[in-house]
$ cat input_39.pdb   # PDB, C-alpha atoms and all ligand atoms
ATOM      1  CA  MET A1356     118.035  46.566 178.427
ATOM      2  CA  THR A1357     115.884  46.322 175.368
ATOM      3  CA  GLY A1358     118.564  44.521 173.384
ATOM      4  CA  GLY A1359     119.667  44.790 169.732
ATOM      5  CA  SER A1360     117.496  43.882 166.816
ATOM      6  CA  GLU A1361     115.349  41.460 168.780
ATOM      7  CA  SER A1362     111.982  42.564 169.985
ATOM      8  CA  PRO A1363     112.292  44.446 173.268
ATOM      9  CA  SER A1364     111.625  42.708 176.556
ATOM     10  CA  PHE A1365     111.689  43.518 180.233
ATOM     11  CA  SER A1366     115.095  43.306 181.834
ATOM     12  CA  VAL A1367     115.080  41.082 184.893
ATOM     13  CA  GLY A1368     118.766  40.170 185.205
ATOM     14  CA  HIS A1369     119.214  42.419 188.240
ATOM     15  CA  LEU A1370     116.359  40.720 190.142
ATOM     16  CA  ASP A1371     116.342  37.404 191.956
ATOM     17  CA  GLY A1372     113.833  34.969 190.554
ATOM     18  CA  GLU A1373     111.829  34.556 187.387
ATOM     19  CA  PHE A1374     108.824  36.531 186.323
ATOM     20  CA  GLU A1375     106.088  35.800 183.864
ATOM     21  CA  LEU A1376     105.754  39.084 182.000
ATOM     22  CA  PRO A1377     103.781  39.982 178.861
ATOM     23  CA  PRO A1378     105.526  40.220 175.464
ATOM     24  CA  VAL A1379     106.364  43.884 175.019
ATOM     25  CA  ASP A1380     105.418  43.987 171.355
ATOM     26  CA  GLU A1381     101.929  42.694 172.173
ATOM     27  CA  SER A1382     101.305  45.450 174.701
ATOM     28  CA  THR A1383     101.364  49.225 174.997
ATOM     29  CA  PHE A1384     104.784  49.084 176.736
ATOM     30  CA  PRO A1385     106.976  51.066 176.992
ATOM     31  CA  ASP A1386     103.897  53.310 177.115
ATOM     32  CA  LEU A1387     101.427  53.226 179.949
ATOM     33  CA  TYR A1388      98.079  54.999 179.799
ATOM     34  CA  LEU A1389      96.531  56.310 182.968
ATOM     35  CA  ASP A1390      92.794  56.685 182.705
ATOM     36  CA  LEU A1391      91.924  59.914 184.461
ATOM     37  CA  GLY A1392      88.583  61.332 185.536
ATOM     38  CA  VAL A1393      88.424  64.531 187.589
ATOM     39  CA  ASP A1394      85.232  66.508 188.165
ATOM     40  CA  LEU A1395      87.085  69.687 188.981
ATOM     41  CA  LEU A1396      90.784  70.361 188.861
ATOM     42  CA  ALA A1397      92.268  73.604 190.152
ATOM     43  CA  PRO A1398      95.982  73.081 189.734
ATOM     44  CA  GLY A1399      97.212  76.513 190.776
ATOM     45  CA  ASP A1400      99.375  77.767 187.931
ATOM     46  CA  GLY A1401      99.330  74.366 186.303
ATOM     47  CA  VAL A1402      97.064  75.180 183.348
ATOM     48  CA  VAL A1403      98.207  76.633 180.060
ATOM     49  CA  THR A1404      95.524  77.589 177.576
ATOM     50  CA  ASP A1405      95.660  78.567 173.949
ATOM     51  CA  ARG A1406      94.219  81.966 174.858
ATOM     52  CA  HIS A1407      97.126  84.204 175.581
ATOM     53  CA  HIS A1408      96.809  87.098 177.945
ATOM     54  CA  ALA A1409      96.608  89.722 175.243
ATOM     55  CA  SER A1410      93.146  88.524 174.285
ATOM     56  CA  ALA A1411      91.797  88.579 177.820
ATOM     57  CA  ASP A1412      89.593  91.582 177.077
ATOM     58  CA  ARG A1413      87.779  89.654 174.385
ATOM     59  CA  TYR A1414      87.220  86.616 176.570
ATOM     60  CA  GLU A1415      83.799  86.203 178.127
ATOM     61  CA  ALA A1416      84.172  83.798 181.020
ATOM     62  CA  ASP A1417      80.548  82.689 181.002
ATOM     63  CA  ASP A1418      80.189  82.274 177.266
ATOM     64  CA  ALA A1419      79.311  78.640 176.663
ATOM     65  CA  MET A1420      80.730  78.894 173.182
ATOM     66  CA  ASN A1421      84.234  79.399 174.482
ATOM     67  CA  GLN A1422      86.120  76.415 173.245
ATOM     68  CA  ILE A1423      89.389  76.810 174.948
ATOM     69  CA  ARG A1424      92.017  74.174 174.570
ATOM     70  CA  GLY A1425      95.123  73.858 176.668
ATOM     71  CA  GLN A1426      97.420  71.709 178.691
ATOM     72  CA  ILE A1427      97.642  70.519 182.271
ATOM     73  CA  SER A1428     101.206  70.905 183.458
ATOM     74  CA  PRO A1429     103.301  67.767 183.909
ATOM     75  CA  PHE A1430     104.751  69.288 187.092
ATOM     76  CA  THR A1431     101.376  69.125 188.804
ATOM     77  CA  LEU A1432     100.748  65.611 187.531
ATOM     78  CA  SER A1433     104.228  64.334 188.269
ATOM     79  CA  GLY A1434     104.244  65.561 191.854
ATOM     80  CA  TRP A1435     100.962  63.810 192.483
ATOM     81  CA  LEU A1436     102.120  60.505 190.998
ATOM     82  CA  ARG A1437     105.481  60.709 192.701
ATOM     83  CA  HIS A1438     103.800  61.235 196.037
ATOM     84  CA  GLY A1439     101.791  58.060 195.474
ATOM     85  CA  CYS A1440     104.992  56.149 194.635
ATOM     86  CA  GLU A1441     106.732  57.444 197.748
ATOM     87  CA  ARG A1442     103.823  56.387 199.931
ATOM     88  CA  VAL A1443     103.782  52.879 198.466
ATOM     89  CA  LEU A1444     107.420  52.442 199.458
ATOM     90  CA  GLN A1445     106.829  53.979 202.879
ATOM     91  CA  ILE A1446     103.815  51.782 203.588
ATOM     92  CA  ALA A1447     106.050  48.838 202.776
ATOM     93  CA  GLY A1448     108.506  50.021 205.368
ATOM     94  CA  MET A1449     111.027  51.603 203.008
ATOM     95  CA  THR A1450     112.209  55.163 202.732
ATOM     96  CA  ALA A1451     111.922  57.126 199.484
ATOM     97  CA  CYS A1452     114.057  59.840 197.961
ATOM     98  CA  HIS A1453     113.036  63.246 199.250
ATOM     99  CA  PRO A1454     111.709  65.268 196.301
ATOM    100  CA  GLY A1455     113.599  68.404 197.307
ATOM    101  CA  GLU A1456     117.234  69.401 197.458
ATOM    102  CA  PRO A1457     118.629  69.312 201.000
ATOM    103  CA  ASN A1458     119.963  72.865 200.665
ATOM    104  CA  ALA A1459     116.781  74.372 199.190
ATOM    105  CA  ASP A1460     115.208  77.395 200.818
ATOM    106  CA  TYR A1461     112.194  75.851 202.575
ATOM    107  CA  MET A1462     109.518  78.159 203.904
ATOM    108  CA  ARG A1463     109.342  76.330 207.182
ATOM    109  CA  ALA A1464     112.317  75.605 209.355
ATOM    110  CA  ASP A1465     113.268  71.994 210.020
ATOM    111  CA  VAL A1466     110.895  70.685 207.395
ATOM    112  CA  TYR A1467     113.587  68.713 205.651
ATOM    113  CA  ASP A1468     114.926  67.090 208.786
ATOM    114  CA  ARG A1469     111.416  66.311 209.910
ATOM    115  CA  ASP A1470     110.678  64.541 206.621
ATOM    116  CA  LEU A1471     113.871  62.532 206.950
ATOM    117  CA  SER A1472     112.495  61.022 210.122
ATOM    118  CA  GLN A1473     109.192  60.227 208.418
ATOM    119  CA  GLY A1474     109.881  57.937 205.514
ATOM    120  CA  TYR A1475     112.346  59.886 203.405
ATOM    121  CA  HIS A1476     116.046  59.746 202.808
ATOM    122  CA  GLU A1477     118.022  62.649 201.515
ATOM    123  CA  LYS A1478     117.670  63.015 197.773
ATOM    124  CA  GLY A1479     120.321  60.920 196.051
ATOM    125  CA  GLU A1480     121.621  59.416 199.269
ATOM    126  CA  CYS A1481     120.544  56.003 197.973
ATOM    127  CA  VAL A1482     122.953  56.355 195.027
ATOM    128  CA  ASP A1483     125.959  56.841 197.291
ATOM    129  CA  ALA A1484     124.882  54.031 199.583
ATOM    130  CA  GLY A1485     124.107  51.435 196.907
ATOM    131  CA  SER A1486     126.763  49.274 195.328
ATOM    132  CA  ASP A1487     125.382  49.666 191.807
ATOM    133  CA  GLU A1488     124.771  53.425 191.723
ATOM    134  CA  GLN A1489     121.185  53.025 190.557
ATOM    135  CA  GLY A1490     119.546  54.536 193.618
ATOM    136  CA  CYS A1491     116.100  53.732 194.982
ATOM    137  CA  VAL A1492     113.174  53.064 192.642
ATOM    138  CA  VAL A1493     111.779  56.570 193.081
ATOM    139  CA  TYR A1494     115.175  58.049 192.239
ATOM    140  CA  GLU A1495     115.395  55.971 189.087
ATOM    141  CA  LEU A1496     111.864  56.696 187.935
ATOM    142  CA  PHE A1497     111.669  60.394 188.693
ATOM    143  CA  GLY A1498     115.284  61.370 188.353
ATOM    144  CA  GLY A1499     117.732  62.896 190.693
ATOM    145  CA  PHE A1500     120.011  65.813 190.284
ATOM    146  CA  GLY A1501     120.225  67.948 187.162
ATOM    147  CA  ASP A1502     122.158  65.515 185.018
ATOM    148  CA  LYS A1503     120.083  62.489 185.912
ATOM    149  CA  PRO A1504     116.745  62.355 184.097
ATOM    150  CA  GLY A1505     114.033  60.044 185.350
ATOM    151  CA  GLU A1506     113.350  56.796 183.559
ATOM    152  CA  LEU A1507     109.698  57.816 183.414
ATOM    153  CA  LEU A1508     108.804  60.340 180.751
ATOM    154  CA  ARG A1509     105.903  62.476 181.966
ATOM    155  CA  ARG A1510     104.103  64.607 179.428
ATOM    156  CA  PRO A1511     101.529  67.330 179.861
ATOM    157  CA  ILE A1512      97.915  66.356 179.242
ATOM    158  CA  ARG A1513      96.446  68.257 176.338
ATOM    159  CA  PHE A1514      92.785  68.980 176.727
ATOM    160  CA  SER A1515      89.950  70.185 174.571
ATOM    161  CA  PRO A1516      86.252  70.701 175.288
ATOM    162  CA  VAL A1517      85.441  69.108 171.945
ATOM    163  CA  ARG A1518      85.352  65.364 172.266
ATOM    164  CA  SER A1519      86.090  64.718 168.604
ATOM    165  CA  GLN A1520      89.363  66.640 168.960
ATOM    166  CA  VAL A1521      90.606  64.461 171.808
ATOM    167  CA  ASP A1522      92.989  61.631 170.980
ATOM    168  CA  VAL A1523      93.310  59.392 174.025
ATOM    169  CA  LEU A1524      96.179  57.511 172.375
ATOM    170  CA  ARG A1525      98.252  60.697 172.591
ATOM    171  CA  GLY A1526      97.522  61.360 176.237
ATOM    172  CA  GLU A1527      94.698  63.829 175.763
ATOM    173  CA  ALA A1528      91.532  64.526 177.676
ATOM    174  CA  GLU A1529      88.178  66.135 177.207
ATOM    175  CA  ALA A1530      87.980  69.004 179.669
ATOM    176  CA  HIS A1531      86.430  72.421 180.032
ATOM    177  CA  TYR A1532      88.512  75.380 181.048
ATOM    178  CA  ARG A1533      86.965  78.233 182.973
ATOM    179  CA  GLN A1534      88.334  81.170 184.817
ATOM    180  CA  LEU A1535      86.292  81.449 187.990
ATOM    181  CA  HIS A1536      85.688  84.893 189.424
ATOM    182  CA  THR A1537      84.748  85.206 193.061
ATOM    183  CA  GLN A1538      83.745  88.309 194.955
ATOM    184  CA  VAL A1539      84.774  87.842 198.542
ATOM    185  CA  ARG A1540      82.207  89.931 200.408
ATOM    186  CA  SER A1541      82.233  91.435 203.830
ATOM    187  CA  ARG A1542      79.850  89.908 206.314
ATOM    188  CA  ASN A1543      80.048  92.864 208.625
ATOM    189  CA  ASP A1544      76.646  94.629 208.752
ATOM    190  CA  GLU A1545      78.232  98.050 208.463
ATOM    191  CA  ASP A1546      79.686  97.158 205.087
ATOM    192  CA  GLY A1547      76.356  96.127 203.558
ATOM    193  CA  GLY A1548      77.804  93.185 201.683
ATOM    194  CA  GLN A1549      80.460  95.232 199.938
ATOM    195  CA  PRO A1550      83.054  93.179 198.083
ATOM    196  CA  LEU A1551      86.357  93.020 199.911
ATOM    197  CA  ARG A1552      88.342  91.631 197.090
ATOM    198  CA  HIS A1553      88.029  89.903 193.764
ATOM    199  CA  ALA A1554      89.684  86.531 193.253
ATOM    200  CA  THR A1555      90.194  84.617 190.017
ATOM    201  CA  ARG A1556      91.203  81.040 189.605
ATOM    202  CA  ASP A1557      91.852  78.800 186.628
ATOM    203  CA  VAL A1558      89.969  75.522 186.768
ATOM    204  CA  VAL A1559      89.434  72.623 184.422
ATOM    205  CA  GLY A1560      86.149  70.792 184.765
ATOM    206  CA  ASN A1561      84.962  67.322 183.744
ATOM    207  CA  VAL A1562      88.399  66.026 182.848
ATOM    208  CA  GLU A1563      88.123  62.670 181.120
ATOM    209  CA  GLY A1564      90.918  61.071 179.172
ATOM    210  CA  THR A1565      94.420  59.701 179.461
ATOM    211  CA  TRP A1566      97.802  60.671 180.785
ATOM    212  CA  LEU A1567     100.496  59.065 178.656
ATOM    213  CA  LEU A1568     103.601  57.845 180.445
ATOM    214  CA  THR A1569     106.615  56.251 178.783
ATOM    215  CA  LEU A1570     109.315  54.147 180.392
ATOM    216  CA  ARG A1571     112.792  54.860 179.084
ATOM    217  CA  SER A1572     113.961  51.503 180.360
ATOM    218  CA  LEU A1573     111.878  48.413 180.860
ATOM    219  CA  LYS A1574     112.337  47.250 184.403
ATOM    220  CA  PRO A1575     109.336  45.351 185.754
ATOM    221  CA  GLU A1576     109.621  46.902 189.214
ATOM    222  CA  PHE A1577     108.970  50.319 187.644
ATOM    223  CA  VAL A1578     105.656  49.028 186.366
ATOM    224  CA  GLY A1579     104.940  47.388 189.727
ATOM    225  CA  LEU A1580     105.501  50.632 191.584
ATOM    226  CA  LEU A1581     103.363  52.663 189.185
ATOM    227  CA  LEU A1582     100.528  50.128 189.410
ATOM    228  CA  GLU A1583     100.563  50.193 193.185
ATOM    229  CA  ALA A1584     100.857  53.977 193.343
ATOM    230  CA  VAL A1585      97.912  54.472 191.016
ATOM    231  CA  SER A1586      95.787  52.070 193.098
ATOM    232  CA  LEU A1587      96.700  54.030 196.193
ATOM    233  CA  LEU A1588      95.916  57.406 194.612
ATOM    234  CA  ASN A1589      92.580  56.120 193.391
ATOM    235  CA  GLY A1590      91.643  54.487 196.687
ATOM    236  CA  LYS A1591      92.463  57.576 198.732
ATOM    237  CA  SER A1592      91.518  60.199 196.177
ATOM    238  CA  ASP A1593      89.381  62.237 198.539
ATOM    239  CA  SER A1594      91.976  62.595 201.254
ATOM    240  CA  PHE A1595      93.865  65.861 201.402
ATOM    241  CA  GLU A1596      97.218  64.264 200.811
ATOM    242  CA  PHE A1597      96.398  62.408 197.617
ATOM    243  CA  GLN A1598      94.395  64.970 195.705
ATOM    244  CA  LEU A1599      95.674  66.146 192.378
ATOM    245  CA  GLY A1600      96.713  69.769 192.264
ATOM    246  CA  GLY A1601      95.844  72.631 194.533
ATOM    247  CA  ALA A1602      92.677  73.921 196.182
ATOM    248  CA  ARG A1603      92.517  70.821 198.274
ATOM    249  CA  ASN A1604      90.164  72.233 200.866
ATOM    250  CA  PHE A1605      87.489  72.836 198.252
ATOM    251  CA  GLY A1606      87.138  69.339 196.877
ATOM    252  CA  ALA A1607      88.900  70.140 193.639
ATOM    253  CA  GLY A1608      91.435  67.611 192.426
ATOM    254  CA  ILE A1609      89.666  64.434 193.507
ATOM    255  CA  ALA A1610      90.812  62.096 190.759
ATOM    256  CA  ASP A1611      89.520  58.711 189.704
ATOM    257  CA  VAL A1612      92.514  57.057 188.146
ATOM    258  CA  GLU A1613      93.555  53.636 186.950
ATOM    259  CA  VAL A1614      96.120  52.115 184.644
ATOM    260  CA  LEU A1615      94.501  51.094 181.390
ATOM    261  CA  ASN A1616      95.149  47.452 180.626
ATOM    262  CA  PRO A1617      98.488  47.480 178.752
ATOM    263  CA  LEU A1618      97.362  44.432 176.766
ATOM    264  CA  TYR A1619      94.689  46.473 174.998
ATOM    265  CA  SER A1620      95.173  47.354 171.366
ATOM    266  CA  GLU A1621      94.859  50.969 170.222
ATOM    267  CA  GLN A1622      91.374  50.256 169.003
ATOM    268  CA  GLU A1623      90.414  48.795 172.376
ATOM    269  CA  ILE A1624      91.801  51.796 174.262
ATOM    270  CA  ARG A1625      89.663  54.059 172.092
ATOM    271  CA  ARG A1626      86.672  51.866 172.807
ATOM    272  CA  VAL A1627      87.056  52.462 176.555
ATOM    273  CA  TYR A1628      86.207  56.118 175.879
ATOM    274  CA  ASN A1629      83.319  55.430 173.584
ATOM    275  CA  ARG A1630      80.304  55.811 175.807
ATOM    276  CA  ALA A1631      78.099  53.984 173.347
ATOM    277  CA  ARG A1632      80.128  50.806 173.469
ATOM    278  CA  LYS A1633      80.805  48.149 176.041
ATOM    279  CA  PRO A1634      84.045  46.168 176.372
ATOM    280  CA  THR A1635      84.321  43.293 173.951
ATOM    281  CA  ALA A1636      84.764  39.674 175.004
ATOM    282  CA  ALA A1637      88.385  39.954 173.866
ATOM    283  CA  MET A1638      88.917  42.911 176.196
ATOM    284  CA  GLN A1639      87.453  41.007 179.114
ATOM    285  CA  GLU A1640      89.752  38.121 178.350
ATOM    286  CA  LYS A1641      92.690  40.506 178.362
ATOM    287  CA  ASP A1642      91.537  41.856 181.727
ATOM    288  CA  ASP A1643      91.718  38.336 183.148
ATOM    289  CA  GLU A1644      95.136  37.834 181.602
ATOM    290  CA  TRP A1645      96.361  41.152 182.943
ATOM    291  CA  ARG A1646      95.445  40.255 186.523
ATOM    292  CA  THR A1647      98.147  37.577 186.514
ATOM    293  CA  TYR A1648     100.728  39.837 184.911
ATOM    294  CA  ARG A1649      99.897  42.607 187.349
ATOM    295  CA  GLU A1650     100.777  40.382 190.263
ATOM    296  CA  GLU A1651     104.061  39.506 188.608
ATOM    297  CA  PHE A1652     104.979  43.177 188.196
ATOM    298  CA  VAL A1653     104.187  43.817 191.845
ATOM    299  CA  ARG A1654     106.225  40.770 192.820
ATOM    300  CA  ALA A1655     109.150  42.218 190.853
ATOM    301  CA  LEU A1656     108.822  45.416 192.883
ATOM    302  CA  GLN A1657     108.785  43.417 196.103
ATOM    303  CA  THR A1658     111.876  41.532 195.006
ATOM    304  CA  ARG A1659     113.695  44.709 194.060
ATOM    305  CA  VAL A1660     112.962  46.466 197.324
ATOM    306  CA  SER A1661     113.370  43.520 199.601
ATOM    307  CA  ASP A1662     116.802  42.899 198.051
ATOM    308  CA  ALA A1663     117.930  46.004 199.792
ATOM    309  CA  ASP A1664     115.932  46.067 202.991
ATOM    310  CA  GLY A1665     114.662  42.619 203.866
ATOM    311  CA  GLU A1666     111.001  41.814 203.958
ATOM    312  CA  LEU A1667     108.193  43.711 202.337
ATOM    313  CA  ASP A1668     104.494  43.517 203.129
ATOM    314  CA  THR A1669     101.853  42.166 200.777
ATOM    315  CA  PRO A1670     100.508  44.596 198.178
ATOM    316  CA  ILE A1671      98.487  47.370 199.733
ATOM    317  CA  ASP A1672      95.541  47.289 197.378
ATOM    318  CA  ARG A1673      94.570  43.642 197.331
ATOM    319  CA  ARG A1674      91.250  44.403 199.021
ATOM    320  CA  ASP A1675      90.251  46.487 196.065
ATOM    321  CA  ASP A1676      90.725  44.585 192.850
ATOM    322  CA  ALA A1677      91.213  47.172 190.120
ATOM    323  CA  GLY A1678      90.487  44.622 187.397
ATOM    324  CA  GLU A1679      86.889  44.169 188.481
ATOM    325  CA  ARG A1680      85.903  47.771 188.206
ATOM    326  CA  LYS A1681      86.369  48.391 184.528
ATOM    327  CA  ARG A1682      84.655  51.462 183.158
ATOM    328  CA  GLY A1683      82.521  49.502 180.750
ATOM    329  CA  GLU A1684      80.460  48.101 183.582
ATOM    330  CA  LEU A1685      79.556  51.470 184.977
TER     331      LEU A1685
HETATM  332 ZN    ZN B1701     116.508  57.458 196.889
END
$ encode --input "input_39.pdb" --output "structure tokens" --more "lines below"
Ligand SMILES: [Zn+2]
Amino acid sequence: MTGGSESPSFSVGHLDGEFELPPVDESTFPDLYLDLGVDLLAPGDGVVTDRHHASADRYEADDAMNQIRGQISPFTLSGWLRHGCERVLQIAGMTACHPGEPNADYMRADVYDRDLSQGYHEKGECVDAGSDEQGCVVYELFGGFGDKPGELLRRPIRFSPVRSQVDVLRGEAEAHYRQLHTQVRSRNDEDGGQPLRHATRDVVGNVEGTWLLTLRSLKPEFVGLLLEAVSLLNGKSDSFEFQLGGARNFGAGIADVEVLNPLYSEQEIRRVYNRARKPTAAMQEKDDEWRTYREEFVRALQTRVSDADGELDTPIDRRDDAGERKRGEL
């Protein structure tokens, strides 16, 4: 683990081989910042605003002066990230913990059994099967049954429409909340365009900021899995399966996402979000340095998973080098 009075380091004793990993105290670890950009997010019930319902009658939905702050639920965010992690393992030929309890009341019959034949094992089954009771990587990261919290702390994202109120170091984003009202109208001539029903939906537009994740224990394969999952989510962001939140048929929830270089200082992370400034030479140097570390984290993941199940394929995102597409160049 992170060991006594010495500075913390990644624990690698449970893995075969040696890994060249960055010094923890010269990085953001155990924190990881995900850089998130979403044009329109419609996460079902996943938005909480600072306007409570009692004031709804004083709220004008189309008033540009509405400066509503709020939070995007960690449940929405976590499910999305977890799905990416599961797919990374499945693409590599592994199975992942099913996110649901085997005895839950599913709305469709056989759904659980069907999933078990398509890349999942029963939730927690990996703990019983393993000799060390740690379970699969998804189980460890996201937690299992009630008494087993995940090693990955997932917070809500706080958002504000006022850029100066957004602190990206605390996992906050600039975003604009609106309640959309839609009149669903009849297209039957006899009805003369009469509204059939009125629908409202909470959306958050122009989301730009960070999602702050914290590792409760520093295992390099955790980082490797998160890096690969984020690459996957970003690369396939417009496919139904990998969109963030609900309303997937309407193009809401298409997220650009990447892991911010953990070697950046706080000042450098802030600089990423300063539109007036480009990355410094020091940041570009750190990007080069990070590329090597990134491969080591992914190698740790490969080692961890192949320990259990034999061979694992090469990383899935090598075609698309995340390090070369830094925001500053855009
Ligand atoms: Zn599992």
$ residues_around --input "input_39.pdb" --residues "Thr1537 of chain A" --least-positions-apart "5" --cutoff "10 Å" --atoms "only C-alpha atoms" --output "PyMOL selection string"
chain A and resi 1550+1552-1556
$ closest_residue --input "input_39.pdb" --among "A:Ala1451, A:Leu1370, A:Val1443, A:Ala1530" --to "Ile1423 of chain A" --atoms "all atoms listed in the file"
A:Ala1530
$ closest_residue --input "input_39.pdb" --among "A:Asp1465, A:Gly1490, A:Gly1425, A:Leu1551" --to "Val1521 of chain A" --atoms "all atoms listed in the file"
A:Gly1425
$ closest_atom_pairs --input "input_39.pdb" --of "chain A" --to "ligand ZN 1701 (chain B)" --cutoff "7 Å" --atoms "only C-alpha atoms and all ligand atoms" --output "tab-separated table"
residue	atom	partner	partner_atom	distance
A:Ala1451	CA	B:ZN1701	ZN	5.3
A:Cys1452	CA	B:ZN1701	ZN	3.6
A:His1476	CA	B:ZN1701	ZN	6.4
A:Lys1478	CA	B:ZN1701	ZN	5.7
A:Gly1479	CA	B:ZN1701	ZN	5.2
A:Glu1480	CA	B:ZN1701	ZN	6.0
A:Cys1481	CA	B:ZN1701	ZN	4.4
A:Val1482	CA	B:ZN1701	ZN	6.8
A:Gly1490	CA	B:ZN1701	ZN	5.3
A:Cys1491	CA	B:ZN1701	ZN	4.2
A:Val1492	CA	B:ZN1701	ZN	7.0
A:Val1493	CA	B:ZN1701	ZN	6.1
A:Tyr1494	CA	B:ZN1701	ZN	4.9
$ resolve_selection --input "input_39.pdb" --expression "the PyMOL selection byres (((chain A and resi 1435) around 8) and not hetatm)" --output "VMD selection string"
chain A and resid 1431 to 1434 1436 to 1439 1597 to 1600
$ residues_around --input "input_39.pdb" --residues "Leu1389 of chain A" --least-positions-apart "3" --cutoff "7 Å" --atoms "all atoms listed in the file" --output "list of chain:residue names"
A:Thr1565, A:Trp1566, A:Leu1567, A:Val1612, A:Glu1613, A:Val1614, A:Leu1615
$ axis_aligned_box --input "input_39.pdb" --around "segment 1611-1616 of chain A" --padding-each-side "3 Å" --output "AutoDock Vina command-line options"
--center_x 92.8 --center_y 53.1 --center_z 185.2 --size_x 12.6 --size_y 17.3 --size_z 15.1
$ atom_distance --input "input_39.pdb" --atom1 "atom CA of Gly1601 of chain A" --atom2 "atom CA of Leu1396 of chain A"
7.9 Å
